[in-house]
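Dropping my_file-v5.cif in here (mmCIF, C-alpha atoms):
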data_entry
loop_
_atom_site.label_atom_id
_atom_site.label_comp_id
_atom_site.auth_asym_id
_atom_site.auth_seq_id
_atom_site.Cartn_x
_atom_site.Cartn_y
_atom_site.Cartn_z
CA MET A 1166 79.32 59.08 163.11
CA ILE A 1167 77.32 61.85 164.74
CA TYR A 1168 73.97 61.68 162.94
CA ASN A 1169 71.79 64.78 162.75
CA GLU A 1170 68.28 65.50 161.47
CA TYR A 1171 67.15 69.08 161.12
CA LYS A 1172 63.39 68.96 160.69
CA ASP A 1173 61.37 71.77 159.13
CA ILE A 1174 64.53 73.43 157.76
CA ARG A 1175 65.45 73.63 154.08
CA ILE A 1176 68.19 74.98 151.85
CA ALA A 1177 66.31 77.81 150.16
CA ALA A 1178 69.05 78.95 147.78
CA ILE A 1179 72.71 78.52 146.81
CA ALA A 1180 75.00 80.99 145.00
CA SER A 1181 78.74 81.02 144.31
CA ALA A 1182 81.37 83.56 143.28
CA VAL A 1183 84.92 83.23 141.94
CA PRO A 1184 87.71 85.59 140.79
CA LYS A 1185 87.16 87.15 137.38
CA ASP A 1186 90.07 85.78 135.35
CA ALA A 1187 90.78 82.14 134.66
CA PHE A 1188 94.34 80.93 135.24
CA ASP A 1189 95.27 78.45 132.51
CA ILE A 1190 97.32 75.57 133.92
CA ALA A 1191 97.50 73.85 130.53
CA ALA A 1192 99.33 76.92 129.17
CA MET A 1193 102.02 76.46 131.85
CA ALA A 1194 103.35 73.56 129.79
CA ASP A 1195 104.70 76.20 127.37
CA ASP A 1196 106.39 78.22 130.15
CA PRO A 1197 110.20 77.77 129.98
CA ASN A 1198 110.33 77.97 133.79
CA GLU A 1199 108.07 74.94 134.13
CA ASP A 1200 108.50 71.22 133.50
CA PRO A 1201 106.01 70.48 130.67
CA LYS A 1202 106.01 66.74 131.36
CA TYR A 1203 105.09 67.36 134.98
CA ILE A 1204 102.36 69.84 134.08
CA LYS A 1205 100.77 67.38 131.64
CA SER A 1206 100.94 64.57 134.19
CA PHE A 1207 99.44 66.86 136.85
CA ILE A 1208 96.53 67.74 134.57
CA ARG A 1209 95.88 64.11 133.67
CA LYS A 1210 95.85 62.96 137.29
CA THR A 1211 94.07 65.87 138.96
CA GLY A 1212 91.81 66.83 136.05
CA ILE A 1213 92.58 70.52 136.63
CA THR A 1214 93.14 72.54 133.46
CA GLN A 1215 92.10 75.94 134.83
CA LYS A 1216 91.45 77.62 138.12
CA ARG A 1217 90.65 81.04 139.52
CA ILE A 1218 93.11 83.03 141.64
CA ALA A 1219 91.99 86.03 143.66
CA ALA A 1220 93.62 89.37 142.84
CA ALA A 1221 96.12 90.74 145.39
CA ASP A 1222 93.44 93.03 146.85
CA GLN A 1223 90.73 90.37 147.06
CA THR A 1224 89.99 88.13 150.05
CA ALA A 1225 87.63 85.21 150.57
CA SER A 1226 85.14 87.58 152.19
CA ASP A 1227 84.82 89.51 148.91
CA PHE A 1228 83.58 86.38 147.15
CA SER A 1229 81.39 85.42 150.11
CA PHE A 1230 79.88 88.90 150.02
CA ALA A 1231 79.29 88.66 146.26
CA ALA A 1232 77.64 85.24 146.59
CA ALA A 1233 75.36 86.43 149.41
CA LYS A 1234 74.38 89.53 147.42
CA ILE A 1235 73.20 87.32 144.56
CA LEU A 1236 70.66 85.81 146.95
CA GLU A 1237 69.57 89.19 148.28
CA ASP A 1238 69.35 90.75 144.82
CA ASN A 1239 67.15 87.87 143.67
CA GLY A 1240 64.74 88.45 146.53
CA LYS A 1241 65.67 85.33 148.48
CA TYR A 1242 66.11 87.29 151.70
CA LYS A 1243 65.89 90.80 153.09
CA PRO A 1244 68.82 91.84 155.33
CA GLU A 1245 66.58 92.25 158.37
CA GLU A 1246 65.36 88.64 158.05
CA ILE A 1247 68.77 87.06 158.66
CA GLY A 1248 69.10 86.03 162.31
CA ILE A 1249 72.19 83.84 161.93
CA LEU A 1250 75.31 84.49 159.85
CA ILE A 1251 78.03 81.86 159.86
CA ASN A 1252 81.24 82.25 157.86
CA LEU A 1253 83.46 79.20 157.31
CA THR A 1254 86.99 79.95 156.19
CA GLN A 1255 90.67 79.25 156.70
CA ASN A 1256 91.51 82.63 155.18
CA PRO A 1257 89.98 85.30 157.39
CA ASP A 1258 90.56 88.98 156.58
CA TYR A 1259 91.98 89.61 160.06
CA ARG A 1260 93.28 87.67 163.05
CA THR A 1261 90.49 89.43 164.92
CA PRO A 1262 87.60 90.01 164.77
CA SER A 1263 85.94 87.20 162.86
CA THR A 1264 85.20 87.87 159.21
CA ALA A 1265 81.52 87.21 159.92
CA CYS A 1266 81.37 90.56 161.77
CA LEU A 1267 82.84 92.31 158.72
CA LEU A 1268 80.34 90.60 156.44
CA HIS A 1269 77.52 91.44 158.83
CA ASP A 1270 78.35 95.10 158.26
CA ARG A 1271 78.90 94.84 154.49
CA LEU A 1272 75.64 92.93 154.02
CA GLY A 1273 73.74 95.47 156.12
CA LEU A 1274 72.31 92.85 158.47
CA SER A 1275 70.29 93.69 161.55
CA LYS A 1276 71.78 93.86 165.06
CA SER A 1277 69.34 91.08 165.95
CA CYS A 1278 71.65 88.55 164.36
CA MET A 1279 74.32 86.20 165.65
CA ALA A 1280 77.47 86.17 163.52
CA PHE A 1281 80.66 84.16 163.89
CA ASP A 1282 83.41 82.32 162.02
CA VAL A 1283 84.19 78.62 161.95
CA ASN A 1284 87.71 77.52 161.03
CA LEU A 1285 87.20 74.52 158.74
CA GLY A 1286 88.31 73.76 155.20
CA CYS A 1287 87.05 71.13 152.82
CA SER A 1288 84.33 69.90 155.20
CA GLY A 1289 83.06 73.50 155.49
CA PHE A 1290 79.83 73.06 153.56
CA VAL A 1291 78.54 69.97 155.36
CA TYR A 1292 79.56 71.37 158.75
CA GLY A 1293 78.31 74.89 158.04
CA VAL A 1294 74.87 73.79 156.91
CA SER A 1295 74.64 71.42 159.90
CA ILE A 1296 75.58 74.13 162.40
CA GLY A 1297 73.26 76.67 160.79
CA ALA A 1298 70.32 74.28 160.49
CA GLY A 1299 70.69 73.16 164.11
CA MET A 1300 70.78 76.72 165.37
CA LEU A 1301 67.92 77.86 163.15
CA ALA A 1302 65.70 75.03 164.36
CA ALA A 1303 66.07 76.33 167.93
CA SER A 1304 65.93 80.01 167.06
CA SER A 1305 63.35 82.78 166.82
CA ALA A 1306 64.94 83.66 163.47
CA ASP A 1307 63.38 82.38 160.24
CA LYS A 1308 66.44 82.58 158.00
CA ALA A 1309 70.16 81.86 158.30
CA LEU A 1310 72.93 82.77 155.91
CA ILE A 1311 75.87 80.36 155.75
CA VAL A 1312 78.85 81.52 153.69
CA MET A 1313 82.02 79.59 153.06
CA GLY A 1314 85.11 80.41 151.06
CA ASP A 1315 88.87 80.26 150.90
CA THR A 1316 91.71 81.83 148.96
CA GLN A 1317 94.17 78.94 149.14
CA ALA A 1318 95.51 79.81 145.67
CA ARG A 1319 96.17 83.53 146.14
CA GLY A 1320 99.14 83.25 148.48
CA ARG A 1321 101.01 80.65 146.45
CA LYS A 1322 103.68 81.61 143.92
CA GLU A 1323 102.74 80.37 140.47
CA THR A 1324 106.04 80.47 138.59
CA GLY A 1325 109.69 79.79 139.37
CA GLU A 1326 110.64 76.62 141.13
CA ARG A 1327 109.62 73.21 139.88
CA SER A 1328 105.91 72.81 140.37
CA SER A 1329 104.58 71.28 143.53
CA ASN A 1330 101.14 69.73 143.56
CA THR A 1331 99.55 71.99 146.11
CA ARG A 1332 100.86 75.07 144.32
CA LEU A 1333 98.75 74.10 141.31
CA LEU A 1334 95.90 72.32 143.05
CA PHE A 1335 93.92 75.05 144.76
CA GLY A 1336 91.50 77.59 143.35
CA ASP A 1337 89.75 80.50 145.07
CA ALA A 1338 85.98 80.69 145.53
CA SER A 1339 83.12 81.28 147.96
CA SER A 1340 79.51 80.20 148.20
CA ALA A 1341 76.47 81.37 150.09
CA VAL A 1342 73.72 79.07 151.33
CA LEU A 1343 70.39 80.37 152.57
CA LEU A 1344 68.58 78.27 155.17
CA GLU A 1345 64.97 78.88 156.09
CA LYS A 1346 62.24 77.33 158.16
CA SER A 1347 59.91 75.25 156.03
CA LYS A 1348 57.28 72.84 157.38
CA GLY A 1349 57.86 69.26 156.28
CA SER A 1350 61.40 69.81 154.98
CA CYS A 1351 64.40 67.99 156.42
CA ILE A 1352 68.17 68.26 156.16
CA ARG A 1353 70.28 65.37 157.46
CA SER A 1354 73.98 64.99 158.11
CA GLY A 1355 76.63 62.65 159.48
CA LEU A 1356 79.81 64.26 160.81
CA MET A 1357 83.23 62.94 161.81
CA THR A 1358 86.58 64.22 163.13
CA ASP A 1359 89.99 62.61 163.63
CA GLY A 1360 92.29 65.02 165.43
CA THR A 1361 95.18 62.54 165.25
CA GLY A 1362 95.44 63.60 161.58
CA LEU A 1363 96.34 67.17 162.53
CA LYS A 1364 99.78 67.07 160.92
CA ALA A 1365 98.56 65.67 157.59
CA ILE A 1366 97.41 69.17 156.53
CA THR A 1367 98.36 72.13 158.69
CA SER A 1368 99.58 75.73 158.81
CA PRO A 1369 101.07 75.76 162.31
CA TYR A 1370 102.82 79.14 162.14
CA GLY A 1371 101.67 82.71 162.43
CA ALA A 1372 99.17 82.29 165.26
CA TRP A 1373 99.83 82.13 168.99
CA ARG A 1374 101.75 78.89 169.68
CA HIS A 1375 104.33 79.49 166.94
CA PRO A 1376 104.04 83.13 165.89
CA GLU A 1377 107.02 82.99 163.50
CA GLY A 1378 107.46 80.58 160.61
CA PRO A 1379 106.51 79.86 157.02
CA GLU A 1380 102.91 80.35 156.03
CA LEU A 1381 102.73 76.97 154.34
CA ILE A 1382 104.41 73.67 155.19
CA PRO A 1383 104.23 70.47 153.15
CA GLY A 1384 101.40 68.12 154.03
CA ASP A 1385 101.30 64.34 154.00
CA ASP A 1386 99.64 63.68 150.63
CA ILE A 1387 99.66 59.92 151.08
CA ALA A 1388 98.02 60.01 154.51
CA VAL A 1389 95.34 62.40 153.22
CA PHE A 1390 94.71 60.29 150.12
CA ASN A 1391 94.40 57.06 152.12
CA PHE A 1392 92.15 58.78 154.65
CA THR A 1393 89.90 60.05 151.88
CA ILE A 1394 89.48 56.91 149.82
CA ASN A 1395 88.90 54.75 152.89
CA GLU A 1396 87.02 56.89 155.42
CA VAL A 1397 84.64 58.73 153.07
CA PRO A 1398 83.12 55.64 151.40
CA GLU A 1399 82.82 54.00 154.82
CA LEU A 1400 80.96 57.01 156.22
CA VAL A 1401 78.64 57.16 153.20
CA ARG A 1402 77.80 53.47 153.65
CA GLU A 1403 77.11 53.94 157.38
CA TYR A 1404 74.98 56.98 156.57
CA ALA A 1405 73.01 55.04 153.94
CA GLU A 1406 72.24 52.35 156.50
CA LYS A 1407 70.97 55.02 158.90
CA THR A 1408 68.84 56.91 156.35
CA GLY A 1409 67.75 53.85 154.36
CA LYS A 1410 68.68 55.66 151.15
CA SER A 1411 71.58 54.37 149.06
CA ALA A 1412 74.10 56.70 147.42
CA ASP A 1413 73.01 55.77 143.89
CA SER A 1414 69.35 56.59 144.62
CA TYR A 1415 70.08 60.36 144.72
CA ASP A 1416 69.90 62.57 141.64
CA ALA A 1417 73.58 63.35 142.18
CA VAL A 1418 76.41 62.70 144.62
CA VAL A 1419 78.33 65.95 145.01
CA LEU A 1420 81.80 65.31 146.41
CA HIS A 1421 84.43 67.75 147.61
CA GLN A 1422 86.56 68.41 144.53
CA ALA A 1423 89.87 67.16 145.96
CA ASN A 1424 91.31 65.87 142.70
CA MET A 1425 90.02 63.69 139.87
CA MET A 1426 91.72 60.54 141.16
CA VAL A 1427 89.96 60.94 144.49
CA LEU A 1428 86.57 61.63 142.86
CA LYS A 1429 86.75 58.58 140.60
CA ASN A 1430 88.01 56.36 143.38
CA ILE A 1431 85.29 57.32 145.83
CA ALA A 1432 82.57 56.94 143.16
CA LYS A 1433 83.90 53.48 142.33
CA ARG A 1434 84.02 52.42 145.96
CA LEU A 1435 80.45 53.65 146.47
CA GLY A 1436 79.22 51.82 143.38
CA VAL A 1437 77.95 55.11 141.95
CA GLU A 1438 78.23 55.85 138.21
CA PHE A 1439 80.79 58.64 137.79
CA GLU A 1440 78.27 60.51 135.59
CA LYS A 1441 76.26 61.01 138.80
CA CYS A 1442 79.14 62.91 140.41
CA PRO A 1443 79.27 66.47 139.03
CA VAL A 1444 82.77 67.85 138.38
CA SER A 1445 83.94 71.45 138.71
CA ILE A 1446 87.59 70.84 139.59
CA ASP A 1447 88.55 70.83 135.90
CA ARG A 1448 87.82 74.57 135.62
CA TYR A 1449 88.04 75.81 139.21
CA GLY A 1450 90.62 73.59 140.93
CA ASN A 1451 90.23 72.39 144.51
CA THR A 1452 88.19 75.20 146.03
CA SER A 1453 88.31 74.00 149.63
CA SER A 1454 85.23 74.89 151.69
CA ALA A 1455 83.29 76.21 148.67
CA SER A 1456 83.87 73.22 146.41
CA VAL A 1457 80.59 71.36 147.07
CA PRO A 1458 78.22 74.36 146.67
CA LEU A 1459 80.35 75.74 143.81
CA THR A 1460 79.94 72.41 142.02
CA ILE A 1461 76.17 72.60 142.59
CA SER A 1462 76.10 76.17 141.21
CA ASP A 1463 78.21 75.11 138.24
CA LYS A 1464 76.11 72.04 137.42
CA TYR A 1465 72.58 73.36 138.01
CA GLY A 1466 72.88 77.17 138.01
CA GLU A 1467 71.51 77.55 134.48
CA ASP A 1468 68.73 74.95 134.92
CA LYS A 1469 65.61 76.96 135.55
CA ASP A 1470 63.24 74.03 135.06
CA GLY A 1471 61.80 73.86 138.56
CA LYS A 1472 63.11 70.37 139.16
CA GLU A 1473 63.31 69.19 142.74
CA LEU A 1474 66.75 67.64 143.20
CA SER A 1475 67.71 65.14 145.82
CA LEU A 1476 71.44 65.56 146.56
CA LEU A 1477 73.93 63.64 148.66
CA THR A 1478 77.03 65.72 149.40
CA SER A 1479 80.31 65.00 151.14
CA GLY A 1480 83.19 67.19 152.28
CA PHE A 1481 86.49 65.92 153.68
CA GLY A 1482 89.92 67.30 154.50
CA ILE A 1483 91.86 69.40 156.98
CA GLY A 1484 91.27 68.51 160.62
CA LEU A 1485 90.94 65.75 159.73
CA SER A 1486 87.27 66.54 159.40
CA TRP A 1487 84.65 64.97 157.18
CA GLY A 1488 80.94 64.51 156.76
CA VAL A 1489 77.94 63.85 154.56
CA LEU A 1490 74.79 65.91 154.15
CA ASP A 1491 71.65 65.23 152.14
CA PHE A 1492 68.84 67.54 151.20
CA THR A 1493 66.47 68.49 148.42
CA ILE A 1494 66.65 71.75 146.50
CA ASN A 1495 64.80 73.20 143.53
CA THR A 1496 66.95 74.02 140.51
CA ASP A 1497 65.25 77.43 140.39
CA ASP A 1498 66.95 78.21 143.70
CA ILE A 1499 70.47 77.52 142.43
CA TYR A 1500 72.29 80.46 140.81
CA PRO A 1501 75.06 80.27 138.22
CA VAL A 1502 78.66 80.97 139.24
CA LEU A 1503 79.49 84.69 139.26
CA ALA A 1504 83.00 85.78 138.22
CA THR A 1505 83.84 89.04 139.98
CA ASP A 1506 86.67 91.51 140.60
CA ILE A 1507 84.88 92.97 143.62
CA THR A 1508 87.04 94.12 146.52
CA PHE A 1509 86.57 96.17 149.67
CA ASP A 1510 88.35 99.20 151.09
CA ASP A 1511 88.14 98.74 154.87
CA GLY A 1512 90.21 101.86 155.65
CA PHE A 1513 93.32 99.96 156.83
CA THR A 1514 96.57 100.06 154.87
CA ASP A 1515 99.37 97.48 154.64
CA GLN A 1516 102.26 98.12 157.07
CA MET B 521 100.95 37.99 136.38
CA THR B 522 104.59 37.68 135.30
CA GLU B 523 107.30 40.00 136.65
CA GLN B 524 107.52 41.65 133.24
CA GLU B 525 103.77 42.32 133.26
CA LYS B 526 104.05 43.78 136.74
CA ILE B 527 106.89 46.07 135.65
CA ALA B 528 104.78 47.16 132.67
CA LEU B 529 101.95 47.98 135.06
CA ILE B 530 104.29 50.09 137.22
CA GLU B 531 105.52 51.87 134.08
CA GLU B 532 101.95 52.59 133.04
CA THR B 533 101.12 53.85 136.54
CA LEU B 534 104.14 56.17 136.59
CA ASP B 535 103.54 57.43 133.02
CA LEU B 536 106.77 55.89 131.75
CA ASP B 537 107.56 54.35 128.38
CA GLU B 538 107.63 50.57 128.22
CA GLY B 539 111.08 49.18 128.93
CA THR B 540 112.17 52.12 131.11
CA LEU B 541 112.30 50.17 134.37
CA THR B 542 113.95 47.02 135.66
CA ALA B 543 113.64 45.42 139.08
CA ASP B 544 116.93 47.09 140.03
CA THR B 545 115.93 50.63 139.06
CA VAL B 546 116.41 52.99 142.01
CA LEU B 547 113.21 55.01 142.49
CA ASP B 548 115.07 58.16 143.56
CA ASP B 549 116.56 58.21 140.05
CA VAL B 550 113.10 58.25 138.42
CA ASP B 551 111.91 61.87 137.98
CA GLU B 552 108.32 60.74 137.47
CA TYR B 553 108.21 59.01 140.87
CA ASP B 554 106.73 62.05 142.63
CA SER B 555 103.93 62.45 145.16
CA MET B 556 101.16 62.25 142.52
CA ALA B 557 102.75 59.06 141.17
CA LYS B 558 102.67 57.58 144.65
CA LEU B 559 98.93 58.24 144.83
CA SER B 560 98.53 56.49 141.47
CA LEU B 561 100.49 53.58 142.89
CA ILE B 562 98.07 53.37 145.85
CA VAL B 563 95.11 53.21 143.44
CA MET B 564 96.79 50.63 141.17
CA MET B 565 97.77 48.40 144.08
CA ASP B 566 94.25 48.51 145.48
CA ASP B 567 92.55 47.96 142.11
CA GLU B 568 94.81 45.19 140.86
CA PHE B 569 95.93 43.43 144.04
CA GLY B 570 93.43 44.50 146.72
CA LYS B 571 96.29 45.85 148.84
CA LYS B 572 96.25 49.08 150.83
CA LEU B 573 99.60 50.86 150.74
CA THR B 574 100.38 52.98 153.79
CA GLY B 575 102.78 55.91 153.81
CA ASP B 576 105.31 53.84 155.76
CA VAL B 577 105.26 51.03 153.19
CA ILE B 578 105.71 53.55 150.35
CA LYS B 579 108.58 55.25 152.21
CA GLY B 580 110.24 51.83 152.34
CA PHE B 581 110.25 51.51 148.54
CA LYS B 582 113.84 52.05 147.36
CA THR B 583 113.83 50.11 144.09
CA VAL B 584 111.24 48.86 141.60
CA GLY B 585 111.91 45.41 143.09
CA ASP B 586 110.50 46.62 146.43
CA ILE B 587 107.23 47.52 144.69
CA LEU B 588 107.21 44.17 142.87
CA ALA B 589 107.48 42.39 146.21
CA GLU B 590 104.18 43.98 147.27
CA MET B 591 102.41 42.99 144.02
CA GLU B 592 101.21 39.58 145.07
#
Once you've parsed the file, please lay out its structure as structure tokens.
Amino acid sequence: MIYNEYKDIRIAAIASAVPKDAFDIAAMADDPNEDPKYIKSFIRKTGITQKRIAAADQTASDFSFAAAKILEDNGKYKPEEIGILINLTQNPDYRTPSTACLLHDRLGLSKSCMAFDVNLGCSGFVYGVSIGAGMLAASSADKALIVMGDTQARGRKETGERSSNTRLLFGDASSAVLLEKSKGSCIRSGLMTDGTGLKAITSPYGAWRHPEGPELIPGDDIAVFNFTINEVPELVREYAEKTGKSADSYDAVVLHQANMMVLKNIAKRLGVEFEKCPVSIDRYGNTSSASVPLTISDKYGEDKDGKELSLLTSGFGIGLSWGVLDFTINTDDIYPVLATDITFDDGFTDQ
Amino acid sequence: MTEQEKIALIEETLDLDEGTLTADTVLDDVDEYDSMAKLSLIVMMDDEFGKKLTGDVIKGFKTVGDILAEME
């Protein structure tokens, strides 16, 4: 484990945005093109009854933009204060340039700002906050904006052939996290990578080594499941030894919303009551890089009681890449999930 | 645990009615034996028998009897 401590940095706010309309998976059981028995079994095992799918003209950056604007509109930052913009996504708008440059323009940020993308999935939140906090600590800037989001659901066909798990599993969403310098605050993380797991989850086609090929290829569900239920609890235990703070001593343990079986299994292996692990997968599906902050927005977004929360979070998935991150945040600084049909006309047209 | 109890546990794990499976049942003939079911099998085997099933072991399962052989 690479252990990190980012002193005098805090998470100042979190906001999340999702597509406007809910897609009802439970209703698919009545679709003559679907296998109702399979749909019911899928729901029982994954816990997913609904999810959000981006419209054909919406990309992850639209939701990232919407989430960031919530923070600006609520006075959490002024555009000229942001010195670092990091966008974590597997679904960029373009092959080049990075989506962060597009968001830099849309958000009206100053030229005195570094902006770049990071290609990570379900570990995106813990990695993104770690990267941002580390850079902010060494920077002349006072605030950093970290956005993360994916549209893993949008590209998948939702009717027709017999259902496959990944077709139903993913939902679209983005989140925005504002980091700022704050004397006495501290964010900590523990990060891991296992590149030998590359083939367990991958989209190898359409880039430069294999330009032609299908957008999606089947992953190794069993390898990913075994990786998750073994490696994540082990990392959390190692992290607890390092920090001296056990998982059950936090107000909540916010896990990447992989599926309900994974959530329950990790909680059990950590000895944490499942009630302490907030759930958003039931209504939003597996939302990849945004799932941890989306779950925080969903759980605490309406709580304006000024409570200081101590949260342990963990993200894990494609890479294989995984990590834990702990921090405190005031419930007043967490905004409820916004459902939006926002899109962006960049002047290009499909060819 | 008797063999019948173990078969009942597999049936419960795969969402099947009691009495659906025998030790000779070929797994390829069981519609419910899909990738989600295999994950459930991993959880059941760990919870009940403290055994970690790898992908290779699961790929080797051809009949219910092969699963029973691991349930010790």
In Å, rounded to a single decimal, give me how far CA of Ala1221 in chain A is from CA of Gln1516 in chain A.
15.1 Å
Considering all atoms listed in the file, give me a table of residues in chain B that are at most 9 Å from chain A, with the closest atom pair and distance in Å for each, as a tab-separated table.
residue	atom	partner	partner_atom	distance
B:Asp535	CA	A:Ser1206	CA	7.7
B:Glu552	CA	A:Tyr1203	CA	7.8
B:Ser555	CA	A:Asp1386	CA	7.1
B:Met556	CA	A:Lys1210	CA	7.5
B:Ala557	CA	A:Lys1210	CA	8.8
B:Lys558	CA	A:Ile1387	CA	7.5
B:Leu559	CA	A:Ile1387	CA	6.5
B:Ser560	CA	A:Met1426	CA	7.9
B:Ile562	CA	A:Asn1391	CA	8.1
B:Val563	CA	A:Asn1430	CA	7.8
B:Lys572	CA	A:Asn1391	CA	8.3
B:Leu573	CA	A:Asn1391	CA	8.2
B:Thr574	CA	A:Asn1391	CA	7.4
B:Gly575	CA	A:Ile1387	CA	5.8
B:Ile578	CA	A:Ile1387	CA	8.8
In terms of all atoms listed in the file, the residue from A:Gly1371, A:Lys1364, A:Asn1252, A:Ile1208 at minimal distance from Ala1192 in chain A is A:Ile1208
Selection in question (the file shown): the PyMOL selection byres ((chain B and resi 524) around 10). Which residues does it include, as a tab-separated table (two decimals) with C-alpha atoms, in the frame of the given file?
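Written output follows (out-v8.tsv):
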chain	number	residue	atom	x	y	z
B	521	MET	CA	100.95	37.99	136.38
B	522	THR	CA	104.59	37.68	135.30
B	523	GLU	CA	107.30	40.00	136.65
B	525	GLU	CA	103.77	42.32	133.26
B	526	LYS	CA	104.05	43.78	136.74
B	527	ILE	CA	106.89	46.07	135.65
B	528	ALA	CA	104.78	47.16	132.67
B	529	LEU	CA	101.95	47.98	135.06
B	530	ILE	CA	104.29	50.09	137.22
B	539	GLY	CA	111.08	49.18	128.93
B	541	LEU	CA	112.30	50.17	134.37
B	542	THR	CA	113.95	47.02	135.66
B	543	ALA	CA	113.64	45.42	139.08
B	588	LEU	CA	107.21	44.17	142.87
Considering all atoms listed in the file, can you say which of A:Ala1178, A:Ile1366, A:Ala1341, A:Leu1381 comes closest to Ser1486 in chain A?
A:Ile1366
What residues come out when you apply the PyMOL selection byres ((chain A and resi 1492) around 12) to this file, written as a PyMOL selection string?
chain A and resi 1170-1178+1291+1294-1295+1298+1344+1350-1354+1408+1410+1415-1419+1473-1479+1489-1491+1493-1495
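Put simply, CA of Ser1347 in chain A is 27.9 Å away from CA of Leu1400 in chain A.
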Contact check, range 1319-1389 of chain A to range 1233-1248 of chain A, at most 10 Å, counting all atoms listed in the file, closest pairs as a Markdown table:
| residue | atom | partner | partner_atom | distance |
| --- | --- | --- | --- | --- |
| A:Ser1339 | CA | A:Ala1233 | CA | 9.4 |
| A:Ser1340 | CA | A:Ala1233 | CA | 7.6 |
| A:Ala1341 | CA | A:Ala1233 | CA | 5.2 |
| A:Val1342 | CA | A:Ala1233 | CA | 7.8 |
| A:Leu1343 | CA | A:Leu1236 | CA | 7.8 |
| A:Leu1344 | CA | A:Ile1247 | CA | 9.5 |
| A:Glu1345 | CA | A:Ile1247 | CA | 9.4 |
Compare A:Asp1307, A:Phe1513, A:Gly1299, A:Ala1412 by their minimum atom-to-atom distance to Lys1346 in chain A, counting all atoms listed in the file, and give me the closest one.
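The shortest atom-to-atom distance to Lys1346 in chain A comes from A:Asp1307.
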Hey, what comes out of the PyMOL selection byres ((chain A and resi 1451-1461) around 9) on this file? Could you write it as a PyMOL selection string?
chain A and resi 1179-1183+1213+1216+1253-1255+1285-1291+1312-1318+1334-1342+1419-1424+1443-1447+1449-1450+1462-1466+1478-1480+1482+1499-1502
Enter the distance from CA of Cys1442 in chain A to CA of Gln1215 in chain A, in Å, rounded to one decimal.
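Answer for the CA of Cys1442 in chain A to CA of Gln1215 in chain A separation: 19.2 Å.
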Find the residues with any atom within 9 Å of (119.7, 53.2, 148.9); use only C-alpha atoms and the coordinates as given in the file, and write the answer as a JSON list (two decimals) with C-alpha atoms, keeping the file's coordinate frame.
[["chain", "number", "residue", "atom", "x", "y", "z"],
["B", 546, "VAL", "CA", 116.41, 52.99, 142.01],
["B", 548, "ASP", "CA", 115.07, 58.16, 143.56],
["B", 582, "LYS", "CA", 113.84, 52.05, 147.36],
["B", 583, "THR", "CA", 113.83, 50.11, 144.09]]
Name the closest residue to Asp1186 in chain A among the candidates A:Pro1201, A:Phe1509, A:Arg1448, A:Ile1167; distances are taken between atoms, counting all atoms listed in the file.
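Among the listed residues, A:Arg1448 lies closest to Asp1186 in chain A.
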